[in-house]
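Dumped structure.txt below, it's compact mmCIF, C-alpha atoms:
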# COMPACT_ATOMS: atom_id res chain seq x y z
CA MET A 1 0.00 0.00 0.00
CA GLN A 2 1.21 3.48 -0.88
CA LEU A 3 1.60 6.11 1.77
CA TYR A 4 -1.41 8.31 2.35
CA GLY A 5 -0.83 11.18 -0.05
CA SER A 6 -1.49 14.87 0.44
CA LEU A 7 -2.08 16.14 3.95
CA LEU A 8 -4.94 18.12 2.41
CA HIS A 9 -6.34 21.02 4.42
CA LEU A 10 -6.40 19.15 7.70
CA GLY A 11 -5.03 22.14 9.53
CA ASN A 12 -2.03 24.42 9.69
CA LEU A 13 1.03 23.64 11.80
CA LEU A 14 1.66 26.14 14.60
CA VAL A 15 5.31 26.23 15.73
CA ILE A 16 6.20 28.13 18.91
CA GLY A 17 9.43 28.94 20.69
CA GLY A 18 12.66 27.06 20.60
CA ASP A 19 16.19 28.27 20.11
CA ASN A 20 19.10 27.90 17.75
CA GLY A 21 21.82 28.69 20.26
CA VAL A 22 23.53 26.41 22.75
CA GLY A 23 20.91 26.76 25.46
CA PRO A 24 20.00 29.95 27.34
CA ARG A 25 23.56 30.44 28.57
CA PHE A 26 24.60 31.02 24.95
CA PRO A 27 21.33 32.02 23.32
CA GLY A 28 20.85 32.21 19.61
CA LEU A 29 17.86 33.48 17.71
CA ARG A 30 14.51 33.23 19.51
CA PRO A 31 12.44 32.43 16.42
CA PRO A 32 8.99 34.00 16.09
CA ILE A 33 5.77 31.98 15.84
CA GLU A 34 5.24 30.27 12.51
CA LEU A 35 2.06 28.95 10.93
CA ILE A 36 2.80 26.45 8.15
CA ASP A 37 0.47 25.14 5.45
CA VAL A 38 1.41 21.45 5.24
CA SER A 39 -0.88 20.92 2.25
CA SER A 40 1.25 23.18 0.05
CA SER A 41 3.95 22.22 -2.40
CA GLY A 42 6.59 23.74 -0.18
CA GLY A 43 8.77 26.81 -0.38
CA ALA A 44 7.45 30.24 0.47
CA SER A 45 3.91 29.15 -0.41
CA SER A 46 3.78 27.09 2.78
CA ARG A 47 4.41 30.07 5.09
CA CYS A 48 1.26 31.68 6.40
CA ASN A 49 0.69 35.30 7.23
CA HIS A 50 -1.11 35.19 10.59
CA ASN A 51 -2.21 37.45 13.42
CA ILE A 52 -1.27 35.19 16.34
CA PRO A 53 0.58 37.34 18.91
CA PRO A 54 4.00 36.28 20.25
CA TYR A 55 4.01 33.72 23.06
CA PRO A 56 4.31 35.73 26.32
CA GLU A 57 7.23 33.78 27.84
CA LYS A 58 10.74 33.04 26.56
CA ASP A 59 10.85 29.36 27.42
CA LEU A 60 12.31 26.20 25.94
CA GLY A 61 10.84 22.71 26.17
CA GLU A 62 7.27 23.62 27.09
CA ALA A 63 4.49 21.03 27.27
CA ILE A 64 1.55 21.45 24.90
CA VAL A 65 -1.93 19.92 24.59
CA LEU A 66 -4.81 20.63 22.23
CA LEU A 67 -8.29 20.89 23.75
CA GLN A 68 -11.54 20.67 21.78
CA GLY A 69 -9.48 20.26 18.64
CA LYS A 70 -8.78 24.01 18.50
CA ILE A 71 -7.45 25.37 21.83
CA PRO A 72 -3.68 24.92 22.35
CA VAL A 73 -2.54 25.02 25.98
CA ILE A 74 1.15 25.49 26.82
CA CYS A 75 2.70 24.95 30.27
CA GLY A 76 6.11 25.17 31.92
CA GLY A 77 9.52 24.98 30.28
CA HIS A 78 13.01 26.34 30.90
CA ASN A 79 12.73 30.02 31.81
CA THR A 80 15.49 31.48 29.66
CA LYS A 81 15.19 34.92 31.28
CA THR A 82 17.10 33.59 34.28
CA ASP A 83 20.09 32.28 32.30
CA LYS A 84 19.95 29.01 34.26
CA TRP A 85 19.99 26.28 31.62
CA LEU A 86 22.07 24.08 33.91
CA GLY A 87 20.06 24.93 37.01
CA ASP A 88 16.61 23.86 38.14
CA HIS A 89 14.59 26.96 37.31
CA GLY A 90 11.46 26.03 35.37
CA ASP A 91 8.45 28.14 34.53
CA LYS A 92 5.10 27.63 36.24
CA TYR A 93 2.96 29.57 33.78
CA CYS A 94 0.29 28.10 31.52
CA TYR A 95 -1.33 29.89 28.60
CA HIS A 96 -4.11 28.96 26.22
CA LEU A 97 -4.89 30.48 22.84
CA VAL A 98 -8.54 31.45 22.29
CA GLY A 99 -9.84 33.92 19.76
CA GLY A 100 -6.31 34.66 18.61
CA GLN A 101 -5.16 35.85 22.07
CA TRP A 102 -3.02 34.24 24.77
CA THR A 103 -4.70 33.97 28.19
CA ARG A 104 -2.71 33.01 31.29
CA GLY A 105 -3.80 30.47 33.88
CA PRO A 106 -4.33 28.31 35.69
CA ASN A 107 -0.66 28.03 36.59
CA LEU A 108 1.39 25.11 37.82
CA SER A 109 2.07 24.94 41.55
CA TYR A 110 5.79 25.31 40.83
CA GLY A 111 8.09 25.66 37.86
CA ARG A 112 8.71 22.59 35.70
CA LYS A 113 11.49 22.20 33.15
CA ASN A 114 10.74 20.00 30.13
CA PRO A 115 7.39 18.73 31.43
CA THR A 116 5.01 16.59 29.41
CA ALA A 117 1.23 16.91 29.18
CA PHE A 118 -1.86 15.24 27.74
CA ALA A 119 -5.56 16.12 27.55
CA LEU A 120 -7.95 14.40 29.95
CA ASN A 121 -11.11 15.71 28.29
CA ASP A 122 -12.26 18.81 26.40
CA THR A 123 -11.42 21.19 29.26
CA ALA A 124 -8.82 19.51 31.51
CA TRP A 125 -5.26 18.27 31.12
CA MET A 126 -2.47 16.65 33.12
CA VAL A 127 1.11 17.93 33.38
CA ALA A 128 3.80 15.48 34.54
CA GLY A 129 7.44 15.90 35.48
CA GLY A 130 9.63 13.96 37.86
CA VAL A 131 7.33 11.80 39.99
CA THR A 132 4.61 14.43 40.50
CA THR A 133 1.67 15.43 38.34
CA GLU A 134 -0.92 18.20 38.26
CA ILE A 135 -4.43 18.34 36.84
CA LEU A 136 -5.56 21.70 35.46
CA SER A 137 -8.72 22.99 33.79
CA LEU A 138 -9.85 25.88 31.61
CA ASP A 139 -12.22 26.90 34.42
CA GLY A 140 -9.13 28.01 36.37
CA SER A 141 -8.98 25.10 38.81
CA SER A 142 -5.91 22.98 39.51
CA ARG A 143 -4.93 20.18 41.89
CA GLN A 144 -2.22 17.64 42.49
CA GLY A 145 -2.54 14.42 40.53
CA PRO A 146 -1.33 10.92 41.43
CA ARG A 147 2.40 10.32 41.72
CA LEU A 148 4.15 8.21 39.15
CA PRO A 149 5.33 4.80 40.45
CA MET A 150 8.98 5.19 39.47
CA LEU A 151 12.35 4.63 41.08
CA TYR A 152 14.18 7.50 39.40
CA PRO A 153 12.54 10.90 40.01
CA LYS A 154 13.87 12.58 36.86
CA THR A 155 12.70 9.86 34.47
CA ILE A 156 9.71 11.80 33.12
CA ARG A 157 11.18 15.29 33.50
CA ARG A 158 12.33 15.12 29.89
CA GLY A 159 9.70 12.66 28.73
CA CYS A 160 6.68 12.59 26.48
CA SER A 161 3.10 11.42 26.83
CA VAL A 162 0.13 10.48 24.67
CA LYS A 163 -3.59 10.13 25.30
CA ILE A 164 -4.46 6.76 23.75
CA ASN A 165 -8.25 6.94 24.14
CA ASP A 166 -10.88 8.34 26.51
CA THR A 167 -9.79 6.05 29.35
CA THR A 168 -6.01 5.60 28.98
CA ALA A 169 -2.85 7.65 28.47
CA ILE A 170 0.83 6.70 28.43
CA ALA A 171 3.92 8.56 29.71
CA ILE A 172 7.42 7.68 28.48
CA GLY A 173 10.86 8.61 29.77
CA LYS A 174 14.31 7.08 29.37
CA GLY A 175 13.59 3.34 29.06
CA ASP A 176 10.31 3.14 30.96
CA THR A 177 6.63 3.54 30.17
CA TYR A 178 3.67 4.14 32.48
CA TYR A 179 -0.04 3.78 31.75
CA TYR A 180 -2.53 6.19 33.27
CA SER A 181 -6.17 5.31 33.93
CA ILE A 182 -8.11 8.55 33.38
CA ASP A 183 -11.23 7.27 35.17
CA GLU A 184 -9.45 5.76 38.18
CA GLU A 185 -6.62 8.33 38.30
CA GLU A 186 -4.00 5.62 38.77
CA TRP A 187 -0.62 4.90 37.18
CA SER A 188 0.70 1.42 36.37
CA GLN A 189 3.97 0.14 34.94
CA GLY A 190 4.10 -0.41 31.19
CA PRO A 191 6.57 -2.32 28.99
CA SER A 192 10.21 -1.21 28.96
CA PHE A 193 11.70 -0.53 25.55
CA GLY A 194 15.23 -1.42 26.58
CA SER A 195 17.15 1.62 25.35
CA VAL A 196 17.66 5.07 26.78
CA HIS A 197 15.78 7.96 25.14
CA GLN A 198 16.34 10.68 27.74
CA THR A 199 14.53 13.35 25.71
CA PRO A 200 12.05 11.40 23.60
CA SER A 201 9.27 12.67 21.42
CA CYS A 202 6.24 10.48 20.81
CA GLY A 203 2.78 10.37 19.28
CA LEU A 204 -0.25 8.20 18.55
CA LEU A 205 -0.69 6.94 14.98
CA GLU A 206 -3.37 4.78 13.32
CA ASP A 207 -2.75 2.06 10.77
CA LEU A 208 -3.87 3.18 7.31
CA ALA A 209 -5.19 -0.25 6.32
CA ASP A 210 -6.98 -0.87 9.64
CA PRO A 211 -7.74 2.35 11.58
CA SER A 212 -8.74 0.30 14.64
CA ILE A 213 -5.04 -0.53 15.10
CA LYS A 214 -3.05 2.20 16.84
CA TYR A 215 0.68 2.62 17.42
CA ILE A 216 2.81 4.66 19.81
CA ILE A 217 5.79 6.03 17.85
CA LEU A 218 8.91 7.06 19.79
CA THR A 219 12.18 8.65 18.69
CA GLY A 220 14.65 11.29 19.88
CA HIS A 221 17.78 11.98 21.99
CA GLU A 222 20.77 11.94 19.64
CA THR A 223 19.74 8.64 18.08
CA ASP A 224 18.02 7.69 14.86
CA VAL A 225 16.32 4.71 16.52
CA THR A 226 12.52 4.62 16.25
CA LYS A 227 10.57 2.38 18.61
CA ILE A 228 6.94 1.34 18.00
CA LEU A 229 4.40 -0.09 20.43
CA GLN A 230 1.12 -1.44 19.07
CA VAL A 231 -1.61 -0.41 21.49
CA GLY A 232 -2.93 -3.46 23.30
CA THR A 233 0.40 -5.33 23.14
CA GLU A 234 3.32 -5.33 25.56
CA GLU A 235 6.31 -5.32 23.21
CA TRP A 236 8.18 -2.42 21.67
CA VAL A 237 9.66 -3.20 18.25
CA ARG A 238 12.28 -1.32 16.29
CA GLY A 239 10.88 0.73 13.44
CA PRO A 240 12.53 2.60 10.57
CA ASP A 241 15.46 4.81 11.52
CA PHE A 242 14.76 8.54 11.61
CA PRO A 243 16.24 9.78 8.32
CA ASN A 244 17.58 13.24 9.16
CA LYS A 245 21.39 12.98 9.25
CA VAL A 246 23.92 15.80 9.44
CA ARG A 247 27.69 15.92 9.09
CA TRP A 248 29.62 17.71 11.79
CA ALA A 249 33.39 17.70 12.34
CA GLY A 250 33.74 14.52 10.30
CA HIS A 251 30.90 12.71 12.08
CA ARG A 252 27.53 11.64 10.66
CA LEU A 253 25.00 12.43 13.38
CA SER A 254 21.27 12.07 13.95
CA ALA A 255 19.50 15.41 14.28
CA THR A 256 16.90 14.30 16.82
CA TRP A 257 17.88 16.36 19.90
CA GLY A 258 15.06 18.79 20.74
CA ILE A 259 12.70 17.65 17.97
CA HIS A 260 8.96 17.96 18.40
CA MET A 261 6.38 15.42 17.20
CA THR A 262 2.70 16.16 16.73
CA PRO A 263 -0.19 14.26 15.11
CA THR A 264 -2.22 15.47 12.15
CA PRO A 265 -5.92 15.97 13.00
CA ASP A 266 -6.96 12.80 11.15
CA GLY A 267 -4.49 10.63 13.13
CA LYS A 268 -2.94 9.21 9.95
CA SER A 269 0.43 10.97 10.21
CA LEU A 270 2.88 12.19 12.82
CA VAL A 271 4.92 15.25 11.86
CA VAL A 272 8.36 15.91 13.35
CA SER A 273 9.96 19.34 13.17
CA GLY A 274 13.34 20.87 13.97
CA GLY A 275 16.03 19.38 16.19
CA ASN A 276 19.81 19.27 16.14
CA ALA A 277 22.58 16.76 16.67
CA GLY A 278 22.95 17.45 20.37
CA SER A 279 26.04 18.24 22.41
CA VAL A 280 28.41 16.73 19.85
CA GLY A 281 26.94 18.61 16.90
CA ALA A 282 26.10 21.95 18.47
CA GLY A 283 25.07 24.36 15.74
CA THR A 284 23.36 21.80 13.51
CA TYR A 285 19.88 23.26 13.99
CA GLN A 286 17.23 22.03 11.59
CA LYS A 287 14.19 23.56 9.88
CA TYR A 288 12.95 20.42 8.12
CA LEU A 289 9.64 18.59 8.53
CA TYR A 290 9.27 14.81 8.39
CA ARG A 291 6.26 12.56 8.76
CA ILE A 292 5.80 8.90 9.60
CA GLN A 293 2.91 6.68 8.53
CA CYS A 294 2.10 2.98 8.82
CA PRO A 295 0.33 1.81 5.58
CA ASP A 296 -0.35 -1.82 6.54
CA GLY A 297 0.99 -3.27 9.77
CA ILE A 298 3.71 -2.40 12.25
CA ARG A 299 6.50 -3.43 9.88
CA SER A 300 5.28 -1.08 7.14
CA CYS A 301 5.88 2.20 9.00
CA LYS A 302 7.93 4.67 7.00
CA TRP A 303 9.46 8.13 7.39
CA GLU A 304 9.45 10.67 4.59
CA LYS A 305 10.63 14.25 4.26
CA LEU A 306 7.89 16.79 3.55
CA PRO A 307 8.33 19.39 0.79
CA MET A 308 7.73 22.35 3.09
CA GLU A 309 9.94 23.48 5.97
CA MET A 310 10.06 26.03 8.75
CA LYS A 311 11.49 29.45 7.98
CA TYR A 312 13.64 29.28 11.11
CA ALA A 313 15.81 26.41 12.31
CA ARG A 314 15.08 25.57 15.95
CA ASN A 315 15.08 22.96 18.70
CA TRP A 316 13.32 22.63 22.07
CA HIS A 317 10.24 24.20 20.48
CA THR A 318 6.65 23.00 20.54
CA SER A 319 4.08 22.51 17.78
CA VAL A 320 0.45 21.59 17.17
CA PHE A 321 -2.01 21.50 14.27
CA LEU A 322 -4.73 24.16 14.37
CA PRO A 323 -7.95 23.89 12.33
CA GLU A 324 -8.03 25.78 9.05
CA SER A 325 -11.47 27.14 9.96
CA GLU A 326 -10.07 28.84 13.08
CA TYR A 327 -6.59 29.78 11.87
CA PRO A 328 -6.57 30.02 8.06
CA CYS A 329 -3.37 30.38 6.08
CA HIS A 330 -3.08 33.73 4.30
CA ALA A 331 -0.27 33.85 1.79
CA TYR A 332 2.33 36.59 2.15
Please re-express this file's structure in structure tokens.
Amino acid sequence: MQLYGSLLHLGNLLVIGGDNGVGPRFPGLRPPIELIDVSSSGGASSRCNHNIPPYPEKDLGEAIVLLQGKIPVICGGHNTKTDKWLGDHGDKYCYHLVGGQWTRGPNLSYGRKNPTAFALNDTAWMVAGGVTTEILSLDGSSRQGPRLPMLYPKTIRRGCSVKINDTTAIAIGKGDTYYYSIDEEEWSQGPSFGSVHQTPSCGLLEDLADPSIKYIILTGHETDVTKILQVGTEEWVRGPDFPNKVRWAGHRLSATWGIHMTPTPDGKSLVVSGGNAGSVGAGTYQKYLYRIQCPDGIRSCKWEKLPMEMKYARNWHTSVFLPESEYPCHAY
């Protein structure tokens, strides 16, 4: 089976934040917000003229969720105003975008660097980092959530998470996975994937031949290794290697440090943006977009480079698809 073709007008990709310097101690360009038409043929035609105001904070590695299919909510991240990339200063602010304006609150109880988050329903979401979690809502309420059952407190601080369905979510960090029961508000241990992805990016993807089959796709942290978990099974398998390679000082490196992965609204593709080659390849910041799809079974999953790209190279950014009806793409 061929890969699902055009991304059509499923939505426009909103890209926020990030950096192309060596962390806040040696900051590079703080790229402005971009809105990208992923249904275009690429080039300048993919860049949208928009009226979305700048994100109020100068953070890296924020968590993002999409509520009601149209409201992006961003929480936490490294507060680069403090010049403490190597310290423990995270931001506690949360913002959501409604009507083209950023609104603050509710906020986290304390600052979190590189948190992860997933939606619980149309108005509430969970933010996780370390062993603690918080549950927040658009009505302004917030409370502590259940602690993660882990041995190593920093495992999920640079992790990722995915809502699988209305009752279950999964959080991933380093080599461990944890399932979350949304109804019972309880965590349980999931299958280990055996390798260390300290800063992974992940997403939920449906099989093109059988949409009832879903996969968790995982990649990131200076490696081209992709791991895939079929929902309902307990075994991670190795998928196709992430294709973005760069040459730096005679080395061929994987540009997966600080990438961001987000699903298309139809669930048929995951789109990865940005990244660099990490501490070894500092300065190899990327502006490319890739997508992965699974045409027919777990062994059929395949990466491909998209014809459009970001205007600005960046890593430690965040991204989400916004509906065309709410945030249309106006050509420059």
Practice prompt. Name the residues in contact with Val320 in chain A at a cut-off of 7 Å, using only C-alpha atoms, excluding same-chain residues fewer than 4 positions from it; report them as a list in words.
Written response: Leu13, Leu14, Val15 and Thr262 of chain A
File dump, residues just selected, C-alpha atoms, as a CSV table (one decimal), in the coordinates of the input:
chain,number,residue,atom,x,y,z
A,13,LEU,CA,1.0,23.6,11.8
A,14,LEU,CA,1.7,26.1,14.6
A,15,VAL,CA,5.3,26.2,15.7
A,262,THR,CA,2.7,16.2,16.7
Discussion item. Rounded to one decimal, what separation in Å do you get between CA of Val127 in chain A and CA of Leu60 in chain A?
Written reply: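 Atom-to-atom, CA of Val127 in chain A and CA of Leu60 in chain A are spaced 15.8 Å apart.
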Worksheet entry | From A:Lys174, A:Arg314, A:Arg112, A:Arg238, residue lying nearest Asn79 in chain A [only C-alpha atoms] |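 Of A:Lys174, A:Arg314, A:Arg112, A:Arg238, the one nearest Asn79 in chain A, counting only C-alpha atoms, is A:Arg112.
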Discussion item. For range 208-212 of chain A, find every residue with an atom within 8 Å (counting only C-alpha atoms), except residues of its own chain fewer than 2 positions away, and show them as a PyMOL selection string.
Written reply: chain A and resi 4+206+214+268+293-297
Item to complete: Could you please determine the separation between CA of Phe321 in chain A and CA of Ala117 in chain A in Å, to one decimal place?
Response: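 Atom-to-atom, CA of Phe321 in chain A and CA of Ala117 in chain A are spaced 15.9 Å apart.
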